[in-house]
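Dropping model-v1.cif in here (mmCIF, C-alpha atoms and all ligand atoms):
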```
data_target
#
loop_
_atom_site.label_atom_id
_atom_site.label_comp_id
_atom_site.auth_asym_id
_atom_site.auth_seq_id
_atom_site.Cartn_x
_atom_site.Cartn_y
_atom_site.Cartn_z
CA MET J 30 -225.47 26.16 17.62
CA GLY J 31 -223.36 25.32 14.66
CA LYS J 32 -219.70 25.47 13.80
CA ILE J 33 -217.66 28.62 14.28
CA LEU J 34 -214.11 29.14 13.08
CA ILE J 35 -212.15 31.87 14.86
CA LYS J 36 -209.10 32.63 12.76
CA ASN J 37 -206.24 35.09 12.81
CA ALA J 38 -206.14 35.13 16.63
CA MET J 39 -203.36 35.28 19.17
CA LEU J 40 -204.22 32.39 21.48
CA PHE J 41 -203.55 32.41 25.20
CA ASP J 42 -204.73 28.91 25.98
CA GLY J 43 -204.82 29.15 29.79
CA SER J 44 -202.06 26.59 30.36
CA GLY J 45 -199.54 29.34 31.05
CA ALA J 46 -197.75 28.90 27.72
CA PRO J 47 -197.05 32.11 25.78
CA ARG J 48 -199.51 33.38 23.19
CA PHE J 49 -199.28 31.98 19.68
CA GLY J 50 -200.93 32.82 16.40
CA GLY J 51 -203.61 30.35 15.41
CA PHE J 52 -207.25 29.38 15.10
CA VAL J 53 -210.02 27.62 17.00
CA LEU J 54 -212.83 25.58 15.51
CA ILE J 55 -215.97 25.33 17.64
CA ASP J 56 -218.48 22.56 17.04
CA GLY J 57 -221.61 22.90 19.16
CA ALA J 58 -220.73 23.56 22.78
CA ARG J 59 -217.13 22.39 22.49
CA ILE J 60 -213.80 23.22 20.95
CA ALA J 61 -213.27 20.75 18.13
CA MET J 62 -209.79 21.86 17.10
CA VAL J 63 -207.04 24.26 18.12
CA GLY J 64 -204.30 24.95 15.63
CA ARG J 65 -201.30 27.10 14.95
CA GLY J 66 -201.03 29.36 11.96
CA ALA J 67 -203.74 29.60 9.32
CA PRO J 68 -206.58 27.05 9.18
CA VAL J 69 -207.25 24.87 6.20
CA PRO J 70 -210.12 26.31 4.12
CA ALA J 71 -213.33 26.13 6.16
CA PRO J 72 -216.26 24.06 4.91
CA ALA J 73 -219.32 26.00 3.82
CA ASP J 74 -221.38 25.37 6.95
CA VAL J 75 -218.88 27.12 9.21
CA GLU J 76 -219.39 30.68 10.44
CA VAL J 77 -216.04 32.45 10.23
CA LEU J 78 -214.96 35.07 12.73
CA ASP J 79 -211.76 36.93 11.82
CA ALA J 80 -210.10 37.93 15.09
CA GLY J 81 -207.91 40.45 13.34
CA GLY J 82 -204.93 39.62 15.55
CA ALA J 83 -206.82 40.13 18.83
CA THR J 84 -206.11 37.83 21.78
CA LEU J 85 -208.36 34.84 22.38
CA ILE J 86 -208.43 33.68 25.99
CA PRO J 87 -210.53 31.09 27.84
CA GLY J 88 -213.67 32.54 29.44
CA LEU J 89 -212.86 34.05 32.82
CA VAL J 90 -213.97 32.48 36.10
CA ASP J 91 -214.98 34.59 39.08
CA GLY J 92 -214.22 32.72 42.29
CA HIS J 93 -216.24 34.84 44.71
CA THR J 94 -219.30 36.65 43.51
CA HIS J 95 -222.78 37.30 44.88
CA LEU J 96 -225.15 37.61 41.96
CA GLY J 97 -228.11 37.62 44.33
CA PHE J 98 -226.96 40.75 46.16
CA GLY J 99 -228.11 42.42 42.98
CA ALA J 100 -225.96 45.52 42.45
CA THR J 101 -224.30 45.96 39.06
CA ILE J 102 -222.53 48.74 37.23
CA HIS J 103 -225.93 49.51 35.67
CA GLN J 104 -228.05 49.71 38.80
CA MET J 105 -227.38 49.94 42.50
CA ALA J 106 -230.23 48.02 44.10
CA LYS J 107 -229.86 47.85 47.85
CA PRO J 108 -230.00 44.28 49.13
CA ALA J 109 -232.23 44.84 52.16
CA GLU J 110 -235.88 43.75 52.34
CA ARG J 111 -236.26 42.10 49.01
CA THR J 112 -238.68 39.42 47.91
CA ASP J 113 -237.49 36.18 46.34
CA ALA J 114 -239.18 37.27 43.11
CA GLU J 115 -237.08 40.46 43.01
CA THR J 116 -233.98 38.45 43.80
CA ALA J 117 -234.71 36.14 40.88
CA LEU J 118 -234.95 39.08 38.49
CA LEU J 119 -231.76 40.59 39.86
CA LEU J 120 -229.97 37.26 39.45
CA ALA J 121 -230.93 37.22 35.78
CA HIS J 122 -229.76 40.83 35.42
CA CYS J 123 -226.47 40.19 37.26
CA GLY J 124 -225.82 37.04 35.26
CA ARG J 125 -226.11 38.97 32.02
CA VAL J 126 -223.83 41.74 33.27
CA LEU J 127 -221.24 39.25 34.52
CA LEU J 128 -221.22 37.33 31.24
CA GLY J 129 -220.92 40.64 29.40
CA SER J 130 -217.82 41.34 31.50
CA GLY J 131 -216.07 38.29 30.03
CA PHE J 132 -216.79 35.95 32.95
CA THR J 133 -218.31 32.75 31.62
CA SER J 134 -218.23 31.00 35.01
CA ALA J 135 -218.82 32.05 38.59
CA TYR J 136 -218.48 30.41 41.98
CA SER J 137 -221.13 31.80 44.29
CA GLY J 138 -219.78 33.21 47.52
CA GLY J 139 -223.14 32.91 49.22
CA SER J 140 -226.77 33.35 48.38
CA THR J 141 -229.64 35.39 49.75
CA SER J 142 -232.05 33.02 48.02
CA PRO J 143 -230.62 29.57 47.25
CA LEU J 144 -233.69 28.47 45.30
CA ALA J 145 -233.50 31.52 43.06
CA GLU J 146 -229.78 30.91 42.54
CA ILE J 147 -230.42 27.29 41.58
CA ALA J 148 -233.12 28.40 39.13
CA ALA J 149 -230.70 30.95 37.65
CA ARG J 150 -227.98 28.31 37.33
CA ASN J 151 -230.35 26.02 35.46
CA ALA J 152 -231.60 28.80 33.18
CA PHE J 153 -228.04 29.95 32.39
CA ASP J 154 -227.08 26.34 31.61
CA ALA J 155 -230.07 25.85 29.34
CA GLY J 156 -229.17 29.08 27.57
CA TRP J 157 -232.54 30.88 27.63
CA VAL J 158 -231.22 33.43 30.11
CA ALA J 159 -227.77 34.91 29.44
CA GLY J 160 -225.45 34.20 32.33
CA PRO J 161 -222.36 32.33 33.45
CA ARG J 162 -221.96 28.74 34.53
CA LEU J 163 -222.71 28.93 38.21
CA ARG J 164 -221.71 26.87 41.23
CA THR J 165 -224.50 27.79 43.62
CA SER J 166 -224.25 28.37 47.33
CA SER J 167 -226.34 28.06 50.44
CA PHE J 168 -227.30 31.00 52.60
CA GLU J 169 -224.32 32.33 54.50
CA ARG J 170 -224.48 30.76 57.90
CA THR J 171 -223.70 32.63 61.09
CA PRO J 172 -224.41 31.18 64.53
CA GLY J 173 -227.48 33.41 64.74
CA GLY J 174 -229.04 32.08 61.55
CA ALA J 175 -228.85 32.47 57.85
CA MET J 176 -227.32 35.75 56.85
CA GLY J 177 -229.37 38.62 55.64
CA LEU J 178 -227.23 41.68 55.23
CA THR J 179 -228.51 43.16 58.48
CA THR J 180 -227.87 40.05 60.57
CA ARG J 181 -225.90 40.54 63.74
CA PHE J 182 -222.86 38.38 64.25
CA PRO J 183 -223.32 37.08 67.78
CA GLY J 184 -219.97 35.32 67.96
CA SER J 185 -219.18 32.22 69.95
CA ALA J 186 -217.89 33.72 73.20
CA ALA J 187 -221.11 34.06 75.20
CA ARG J 188 -222.99 31.31 73.48
CA ALA J 189 -223.44 27.61 74.09
CA SER J 190 -222.15 25.41 71.31
CA ALA J 191 -224.88 23.89 69.11
CA PRO J 192 -223.32 21.46 66.62
CA ALA J 193 -226.76 20.01 65.84
CA ASP J 194 -227.87 23.39 64.44
CA ALA J 195 -224.96 23.40 62.00
CA VAL J 196 -225.85 19.87 60.92
CA ASP J 197 -229.52 20.82 60.43
CA PHE J 198 -228.52 23.81 58.32
CA VAL J 199 -226.37 21.65 56.05
CA LYS J 200 -229.18 19.10 55.66
CA GLU J 201 -231.69 21.83 54.79
CA MET J 202 -229.36 23.28 52.18
CA ALA J 203 -228.63 19.84 50.73
CA ALA J 204 -232.37 19.26 50.38
CA LEU J 205 -232.67 22.50 48.38
CA GLY J 206 -230.02 21.25 45.95
CA VAL J 207 -227.21 23.79 46.36
CA ASP J 208 -223.69 22.96 45.19
CA SER J 209 -221.83 24.33 48.20
CA VAL J 210 -222.38 25.39 51.79
CA LYS J 211 -220.99 28.63 53.16
CA PHE J 212 -220.02 29.29 56.77
CA LEU J 213 -218.89 32.66 58.11
CA LEU J 214 -216.16 31.55 60.49
CA ASN J 215 -215.34 35.18 61.26
CA GLY J 216 -217.65 38.19 61.22
CA VAL J 217 -217.88 40.97 58.66
CA SER J 218 -216.57 44.26 60.00
CA ALA J 219 -218.40 46.18 57.29
CA PHE J 220 -221.69 45.22 58.94
CA ASP J 221 -220.57 44.59 62.51
CA PRO J 222 -217.55 46.76 63.37
CA GLY J 223 -214.50 44.85 64.51
CA SER J 224 -216.00 41.42 63.85
CA ASN J 225 -213.56 40.38 61.11
CA LEU J 226 -211.29 39.12 63.88
CA ARG J 227 -214.03 37.49 65.97
CA ASP J 228 -214.68 33.74 65.84
CA GLN J 229 -218.35 33.16 65.12
CA PHE J 230 -218.57 29.46 65.87
CA HIS J 231 -217.25 26.98 68.36
CA ASP J 232 -214.88 24.56 66.65
CA GLU J 233 -217.18 21.57 67.23
CA GLU J 234 -220.02 23.32 65.36
CA ILE J 235 -217.87 23.72 62.27
CA LEU J 236 -216.51 20.19 62.53
CA ALA J 237 -220.05 18.78 62.79
CA GLY J 238 -221.37 20.92 59.91
CA ALA J 239 -218.43 19.95 57.75
CA ALA J 240 -218.94 16.27 58.43
CA ALA J 241 -222.61 16.60 57.45
CA ALA J 242 -221.63 18.39 54.24
CA ARG J 243 -219.19 15.64 53.33
CA GLU J 244 -221.90 13.07 53.93
CA ALA J 245 -224.27 15.02 51.66
CA GLY J 246 -221.60 15.40 48.96
CA LEU J 247 -221.52 19.21 49.23
CA SER J 248 -218.37 21.26 49.09
CA LEU J 249 -217.65 23.80 51.80
CA THR J 250 -216.80 27.49 51.55
CA ALA J 251 -215.45 29.51 54.46
CA HIS J 252 -215.27 33.22 55.18
CA CYS J 253 -212.06 33.50 57.21
CA TYR J 254 -209.84 36.30 58.42
CA THR J 255 -207.94 34.89 61.39
CA PRO J 256 -205.27 32.20 61.56
CA HIS J 257 -207.51 30.16 63.86
CA SER J 258 -210.39 30.18 61.36
CA ILE J 259 -208.12 29.25 58.48
CA GLN J 260 -206.66 26.35 60.45
CA LEU J 261 -210.15 25.22 61.42
CA ALA J 262 -211.30 25.36 57.80
CA VAL J 263 -208.33 23.26 56.71
CA ARG J 264 -208.86 20.77 59.52
CA SER J 265 -212.59 20.47 58.76
CA GLY J 266 -212.12 19.73 55.07
CA PHE J 267 -213.30 23.02 53.57
CA ARG J 268 -212.60 23.29 49.86
CA VAL J 269 -212.61 27.07 49.47
CA VAL J 270 -211.44 29.72 51.93
CA TYR J 271 -212.05 33.41 51.30
CA HIS J 272 -210.18 36.51 52.44
CA CYS J 273 -207.46 35.17 54.80
CA ASN J 274 -206.18 38.71 55.39
CA TYR J 275 -204.62 37.89 58.76
CA ALA J 276 -203.09 34.54 57.79
CA ASP J 277 -199.81 33.85 59.56
CA SER J 278 -197.08 31.46 58.50
CA ALA J 279 -198.60 28.50 60.41
CA SER J 280 -202.02 28.91 58.78
CA LEU J 281 -200.37 29.37 55.38
CA ASP J 282 -198.44 26.16 56.07
CA ALA J 283 -201.78 24.46 56.80
CA LEU J 284 -203.21 25.70 53.49
CA GLU J 285 -200.07 24.57 51.71
CA SER J 286 -200.36 21.09 53.22
CA ARG J 287 -203.68 20.71 51.35
CA LYS J 288 -202.94 22.81 48.32
CA SER J 289 -204.01 20.18 45.82
CA GLU J 290 -207.49 20.00 47.38
CA MET J 291 -208.12 23.61 48.37
CA PHE J 292 -208.65 27.01 46.77
CA ILE J 293 -208.16 30.47 48.19
CA GLY J 294 -210.20 33.52 47.27
CA PRO J 295 -208.19 36.43 48.65
CA ALA J 296 -210.78 38.88 47.29
CA PRO J 297 -208.72 42.05 47.04
CA GLY J 298 -211.55 43.80 45.20
CA ILE J 299 -213.78 44.15 48.23
CA VAL J 300 -210.95 45.57 50.34
CA GLU J 301 -210.22 48.23 47.75
CA ALA J 302 -213.93 48.95 47.25
CA ASP J 303 -214.55 49.29 51.00
CA LEU J 304 -211.69 51.78 51.16
CA LEU J 305 -212.52 53.79 48.03
CA ARG J 306 -216.31 53.75 47.86
CA GLY J 307 -217.58 52.17 51.08
CA PRO J 308 -217.95 55.40 53.09
CA LYS J 309 -220.32 56.86 50.49
CA PHE J 310 -222.58 53.93 51.29
CA GLY J 311 -222.02 54.13 55.06
CA ILE J 312 -219.57 51.21 54.97
CA MET J 313 -216.33 51.28 56.97
CA ALA J 314 -216.84 55.03 57.36
CA SER J 315 -215.67 55.84 60.91
CA PRO J 316 -211.99 56.64 61.53
CA PRO J 317 -211.27 53.39 63.43
CA GLN J 318 -212.96 51.40 60.66
CA ARG J 319 -210.97 53.25 58.01
CA GLU J 320 -207.86 52.32 59.93
CA GLU J 321 -208.91 48.68 60.28
CA GLN J 322 -209.60 48.44 56.55
CA ALA J 323 -206.30 50.09 55.63
CA GLU J 324 -204.58 47.45 57.72
CA ALA J 325 -206.65 44.68 56.10
CA ALA J 326 -205.40 45.97 52.72
CA GLU J 327 -201.77 45.85 53.80
CA ARG J 328 -202.27 42.37 55.24
CA ILE J 329 -203.86 40.91 52.12
CA LYS J 330 -201.08 42.35 49.95
CA ASN J 331 -198.57 40.31 51.96
CA VAL J 332 -200.76 37.21 52.03
CA GLY J 333 -201.26 37.43 48.26
CA LYS J 334 -197.51 37.48 47.74
CA GLU J 335 -197.19 34.41 49.98
CA ILE J 336 -199.94 32.61 48.08
CA ARG J 337 -197.99 33.19 44.89
CA ARG J 338 -194.63 32.23 46.38
CA ARG J 339 -196.02 28.98 47.80
CA GLY J 340 -197.89 28.04 44.62
CA LEU J 341 -201.30 27.89 46.33
CA ARG J 342 -204.34 27.86 44.09
CA ALA J 343 -205.96 31.29 44.23
CA VAL J 344 -208.76 32.49 41.96
CA PRO J 345 -209.67 36.16 41.42
CA GLY J 346 -213.09 37.17 42.68
CA GLY J 347 -213.56 40.12 44.98
CA ASP J 348 -216.97 39.72 46.58
CA TYR J 349 -218.81 41.55 43.80
CA GLY J 350 -222.51 42.33 44.17
CA PHE J 351 -222.57 45.12 46.75
CA PRO J 352 -223.56 48.62 45.58
CA TRP J 353 -220.04 49.93 46.28
CA ASN J 354 -218.49 46.85 44.63
CA PRO J 355 -220.94 46.02 41.83
CA VAL J 356 -221.02 43.09 39.43
CA GLY J 357 -219.42 44.21 36.17
CA ARG J 358 -216.24 45.42 37.86
CA ASN J 359 -215.05 41.84 38.40
CA ALA J 360 -211.94 42.16 36.23
CA ARG J 361 -210.65 44.66 38.78
CA ASP J 362 -209.59 41.66 40.87
CA LEU J 363 -207.23 40.53 38.11
CA THR J 364 -205.57 43.93 38.10
CA LEU J 365 -205.17 43.73 41.87
CA PHE J 366 -203.55 40.28 41.62
CA VAL J 367 -200.88 42.04 39.54
CA GLU J 368 -200.64 45.33 41.42
CA TRP J 369 -201.01 44.04 45.00
CA PHE J 370 -199.80 40.42 44.88
CA GLY J 371 -197.02 40.61 42.30
CA TYR J 372 -198.55 38.10 39.89
CA THR J 373 -197.56 38.56 36.26
CA PRO J 374 -200.51 39.25 33.96
CA ALA J 375 -200.10 35.75 32.46
CA GLU J 376 -200.10 34.12 35.92
CA THR J 377 -203.22 36.10 36.75
CA LEU J 378 -204.94 34.89 33.59
CA VAL J 379 -204.05 31.29 34.46
CA ALA J 380 -205.56 31.83 37.92
CA ALA J 381 -208.75 33.18 36.36
CA THR J 382 -209.02 30.47 33.70
CA ARG J 383 -207.29 27.12 34.23
CA ILE J 384 -207.38 27.27 38.03
CA GLY J 385 -210.85 28.76 37.83
CA GLY J 386 -211.95 25.71 35.84
CA GLU J 387 -210.55 23.52 38.61
CA LEU J 388 -212.43 25.59 41.20
CA MET J 389 -215.62 24.96 39.23
CA GLY J 390 -214.85 21.25 39.58
CA ARG J 391 -214.41 20.90 35.81
CA GLY J 392 -210.69 21.29 35.22
CA HIS J 393 -210.84 18.41 32.73
CA GLU J 394 -213.11 20.38 30.37
CA LEU J 395 -213.18 24.03 31.44
CA GLY J 396 -210.73 26.92 31.70
CA GLN J 397 -208.40 26.19 28.79
CA ILE J 398 -208.46 26.40 25.02
CA ARG J 399 -207.91 22.76 24.17
CA ASP J 400 -209.41 20.16 21.89
CA GLY J 401 -212.60 18.83 23.43
CA TYR J 402 -212.91 21.55 26.07
CA LEU J 403 -216.07 23.61 26.48
CA ALA J 404 -216.17 26.54 24.08
CA ASP J 405 -216.03 29.38 26.62
CA LEU J 406 -213.91 32.07 24.98
CA VAL J 407 -213.27 35.80 25.12
CA LEU J 408 -211.67 37.80 22.34
CA VAL J 409 -209.72 40.75 23.75
CA ARG J 410 -208.45 43.79 21.89
CA GLY J 411 -204.71 44.06 22.62
CA ASP J 412 -202.53 41.81 24.73
CA PRO J 413 -203.82 41.16 28.26
CA THR J 414 -200.70 39.08 28.97
CA SER J 415 -198.78 42.34 28.97
CA ASP J 416 -201.53 44.69 30.21
CA ILE J 417 -204.10 43.03 32.46
CA THR J 418 -206.08 46.26 32.89
CA LEU J 419 -207.39 45.89 29.33
CA LEU J 420 -209.97 43.45 30.73
CA GLU J 421 -211.53 46.13 32.94
CA ASP J 422 -212.83 48.03 29.90
CA HIS J 423 -215.69 46.07 28.39
CA GLN J 424 -215.16 47.78 25.06
CA ASN J 425 -211.97 45.74 24.77
CA LEU J 426 -214.01 42.53 24.96
CA LEU J 427 -214.68 42.10 21.26
CA ALA J 428 -216.42 38.74 21.50
CA ILE J 429 -217.76 36.58 24.31
CA ILE J 430 -218.73 32.98 23.69
CA LYS J 431 -220.10 30.54 26.24
CA ASP J 432 -220.97 26.93 25.50
CA GLY J 433 -220.37 27.66 21.83
CA ARG J 434 -223.08 30.35 21.90
CA VAL J 435 -222.05 33.83 20.84
CA HIS J 436 -223.14 36.24 23.58
CA LYS J 437 -221.27 39.18 22.15
CA ALA J 438 -219.95 39.36 18.61
CA PRO J 439 -217.58 41.88 17.06
CA ALA J 440 -219.56 45.01 16.17
CA ALA J 441 -219.24 44.55 12.42
CA ALA J 442 -220.82 41.10 12.64
CA GLY J 443 -223.80 42.39 14.63
CA ALA J 444 -223.70 42.27 18.42
CA ALA J 445 -225.98 40.26 20.66
CA GLY J 446 -225.19 42.60 23.57
ZN ZN E 501 -218.52 37.26 49.95
#
```
What's the structure tokens form of this structure?
Amino acid sequence: MGKILIKNAMLFDGSGAPRFGGFVLIDGARIAMVGRGAPVPAPADVEVLDAGGATLIPGLVDGHTHLGFGATIHQMAKPAERTDAETALLLAHCGRVLLGSGFTSAYSGGSTSPLAEIAARNAFDAGWVAGPRLRTSSFERTPGGAMGLTTRFPGSAARASAPADAVDFVKEMAALGVDSVKFLLNGVSAFDPGSNLRDQFHDEEILAGAAAAREAGLSLTAHCYTPHSIQLAVRSGFRVVYHCNYADSASLDALESRKSEMFIGPAPGIVEADLLRGPKFGIMASPPQREEQAEAAERIKNVGKEIRRRGLRAVPGGDYGFPWNPVGRNARDLTLFVEWFGYTPAETLVAATRIGGELMGRGHELGQIRDGYLADLVLVRGDPTSDITLLEDHQNLLAIIKDGRVHKAPAAAGAAG
């Protein structure tokens, strides 16, 4: 890793300020200098990349992805009955596809093999496997056990509360070394019809698990649809809440009361994918399920608008990794922030970069183009601050740089893929 000068670029620095013409000097893994206009003549040991007026943005952050589920735009592996060895290979494959989609960071929404995810994180960081920075996750916990994709969601109604089980789970995950612990506070209708609106845990189980996570220094991620679950997640000190389709004004107030500590992943991508492609895969295929999902779509459109109006921190990331919603389509979520939630393209880019850096726990060094920040950068043909859909076409991603390493270079300079 040496020095790279990117000149003749339009910079969108992630702060929310308008684009400006300028240059970026990378030294090793970090941005050494950001400037306006033309750079002073570069010293001989600097590799020069002429952006040709393309837009340079901070590397994108996906706030809710499942690299271990294994499906990408290049292959549709089904998640069921897989060995940890296969999961490890799929993680490496998915990491490469995600990085090639312009996402230099990802927040795991739940793992089918935490140890494999940790190994992938370490390999991506070391740079000998191409992949994004990764905040790893535990298994996804339901009351019945860790979640495989065929797990039933037994719900809390007919079940005795077992707070000690939640505590044991958190301790086991902490011992493995994950970064975050995921609880499914509601079910998943795609796998257990109607369960999106069913509480899966007794409140005291979540409160006990959350306390154990705090003690272990792990952050908490919640899968929530109902107002009750959202309120419980806020009350228990969860850092990230996903979905929130059925949030009401009281639960939105609760989120707003902790908006400087929490993040929301409204995940519009999975709702659209369930509607458009789910039935081909046997997902949400029956008429009542179609109806439920159509309502979930309408609900999240309203919630997304409220998130924006209230200034809550939301990060794009639509539950990518399922065969009908594969890794590689992740930029679709940015388009849906604009089309469904009323974000401007620039606001959406801020959500996916600066706020994404904060979600990764590294807002002081990640998610913006600033002196001293990590050199995670994407060069985009055209102006994504006026047309966000440009990011969905990988051919518009002219260069992708992570940690100062060029993962994809403009074709003329010889591409790394
Ligand atoms: Zn998910």
From the options J:Leu388, J:Thr382, J:Gly216, J:Lys330, which residue's atoms come nearest to Ser289 of chain J, counting all atoms listed in the file?
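The closest residue to Ser289 of chain J is J:Leu388.
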Distance limit 7 Å, reference ligand ZN 501 (chain E), atoms considered: all atoms listed in the file. Which residues make the cut? Give them as a PyMOL selection string.
chain J and resi 93-95+138-139+348
Could you work out how far atom CA of Gly156 of chain J lies from atom CA of Val210 of chain J, giving the answer in Å with one decimal?
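If I compute the distance from atom CA of Val210 of chain J to atom CA of Gly156 of chain J, I get 25.4 Å.
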Name all residues at most 9 Å from Asp194 of chain J (count all atoms listed in the file; drop same-chain ones fewer than 4 positions away) and give them as a PyMOL selection string.
chain J and resi 172+198-199+234+238
To box segment 401-408 of chain J, take all atoms listed in the file, fit an axis-aligned box, add 3 Å on each side, and give centre and edge lengths in Å to one decimal, as JSON.
```
{"center_x": -213.9, "center_y": 28.3, "center_z": 24.5, "size_x": 10.5, "size_y": 25.0, "size_z": 10.3}
```
Interatomic distance between atom CA of Asp362 of chain J and atom CA of Pro345 of chain J?
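Separation between atom CA of Asp362 of chain J and atom CA of Pro345 of chain J: 5.5 Å.
Among J:Ala283, J:Leu426, J:Met105, J:Arg434, the residue with the shortest atom-to-atom distance to Phe310 of chain J, counting all atoms listed in the file, is J:Met105.
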Excluding segment 395-401 of chain J and residues on its chain fewer than 3 positions from it, collect all residues at most 8 Å away from it, counting all atoms listed in the file, and give them as a ChimeraX atom specification.
/J:41-44,59-63,86-90,382-387,391-392,404-406
Measuring between only C-alpha atoms, which one of J:Ala314, J:Pro297, J:Arg342, J:Asp412 shows the shortest distance to Leu363 of chain J?
J:Pro297
Give the answer as one residue: which of J:Ala302, J:Gly246, J:Arg227, J:Pro222 has the shortest atom-to-atom distance to Pro317 of chain J, using all atoms listed in the file?
J:Pro222
Go ahead and compute the interatomic distance for atom CA of Ala326 of chain J and atom CA of Phe220 of chain J, in Å to one decimal.
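Computing the Euclidean distance for atom CA of Ala326 of chain J and atom CA of Phe220 of chain J yields 17.5 Å.
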12 Å contact set for Ser137 of chain J, all atoms listed in the file, chain neighbours under 6 positions out, as a PyMOL selection string:
chain J and resi 90-98+120+124+143+146-147+149-150+161-169+207-211+248-251+269+271+294+346-350+388-389
Quick one: residues within 6 Å of segment 252-266 of chain J, all atoms listed in the file counted, chain neighbours fewer than 2 positions away excluded, as an mmCIF file with C-alpha atoms, keeping the file's coordinate frame?
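This went into selection19.cif:
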```
data_model
loop_
_atom_site.group_PDB
_atom_site.id
_atom_site.type_symbol
_atom_site.label_atom_id
_atom_site.label_comp_id
_atom_site.auth_asym_id
_atom_site.auth_seq_id
_atom_site.Cartn_x
_atom_site.Cartn_y
_atom_site.Cartn_z
ATOM 1 C CA LEU J 213 -218.890 32.660 58.110
ATOM 2 C CA LEU J 214 -216.160 31.550 60.490
ATOM 3 C CA ASN J 215 -215.340 35.180 61.260
ATOM 4 C CA LEU J 226 -211.290 39.120 63.880
ATOM 5 C CA LEU J 236 -216.510 20.190 62.530
ATOM 6 C CA ALA J 239 -218.430 19.950 57.750
ATOM 7 C CA TYR J 271 -212.050 33.410 51.300
ATOM 8 C CA HIS J 272 -210.180 36.510 52.440
ATOM 9 C CA CYS J 273 -207.460 35.170 54.800
ATOM 10 C CA ASN J 274 -206.180 38.710 55.390
ATOM 11 C CA TYR J 275 -204.620 37.890 58.760
ATOM 12 C CA ALA J 276 -203.090 34.540 57.790
ATOM 13 C CA SER J 280 -202.020 28.910 58.780
#
```
Would you mind listing what lies within 7 Å of segment 111-115 of chain J as a short mmCIF file (atom, residue, chain, number, x, y, z; two decimals) with C-alpha atoms, in the coordinates of the input, with all atoms listed in the file counted and same-chain residues fewer than 4 positions away left out?
```
data_model
loop_
_atom_site.label_atom_id
_atom_site.label_comp_id
_atom_site.auth_asym_id
_atom_site.auth_seq_id
_atom_site.Cartn_x
_atom_site.Cartn_y
_atom_site.Cartn_z
CA LEU J 119 -231.76 40.59 39.86
CA SER J 142 -232.05 33.02 48.02
CA ALA J 145 -233.50 31.52 43.06
#
```
Nearby residues, (-230.7, 17.0, 53.2) file frame, 12 Å, only C-alpha atoms, as a ChimeraX atom specification:
/J:196-207,210,241-247
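Of the listed residues J:Ala191, J:Ala121, J:Ala148, J:Ala343, the one whose atoms come nearest to Ala380 of chain J is J:Ala343, with distances taken using all atoms listed in the file.
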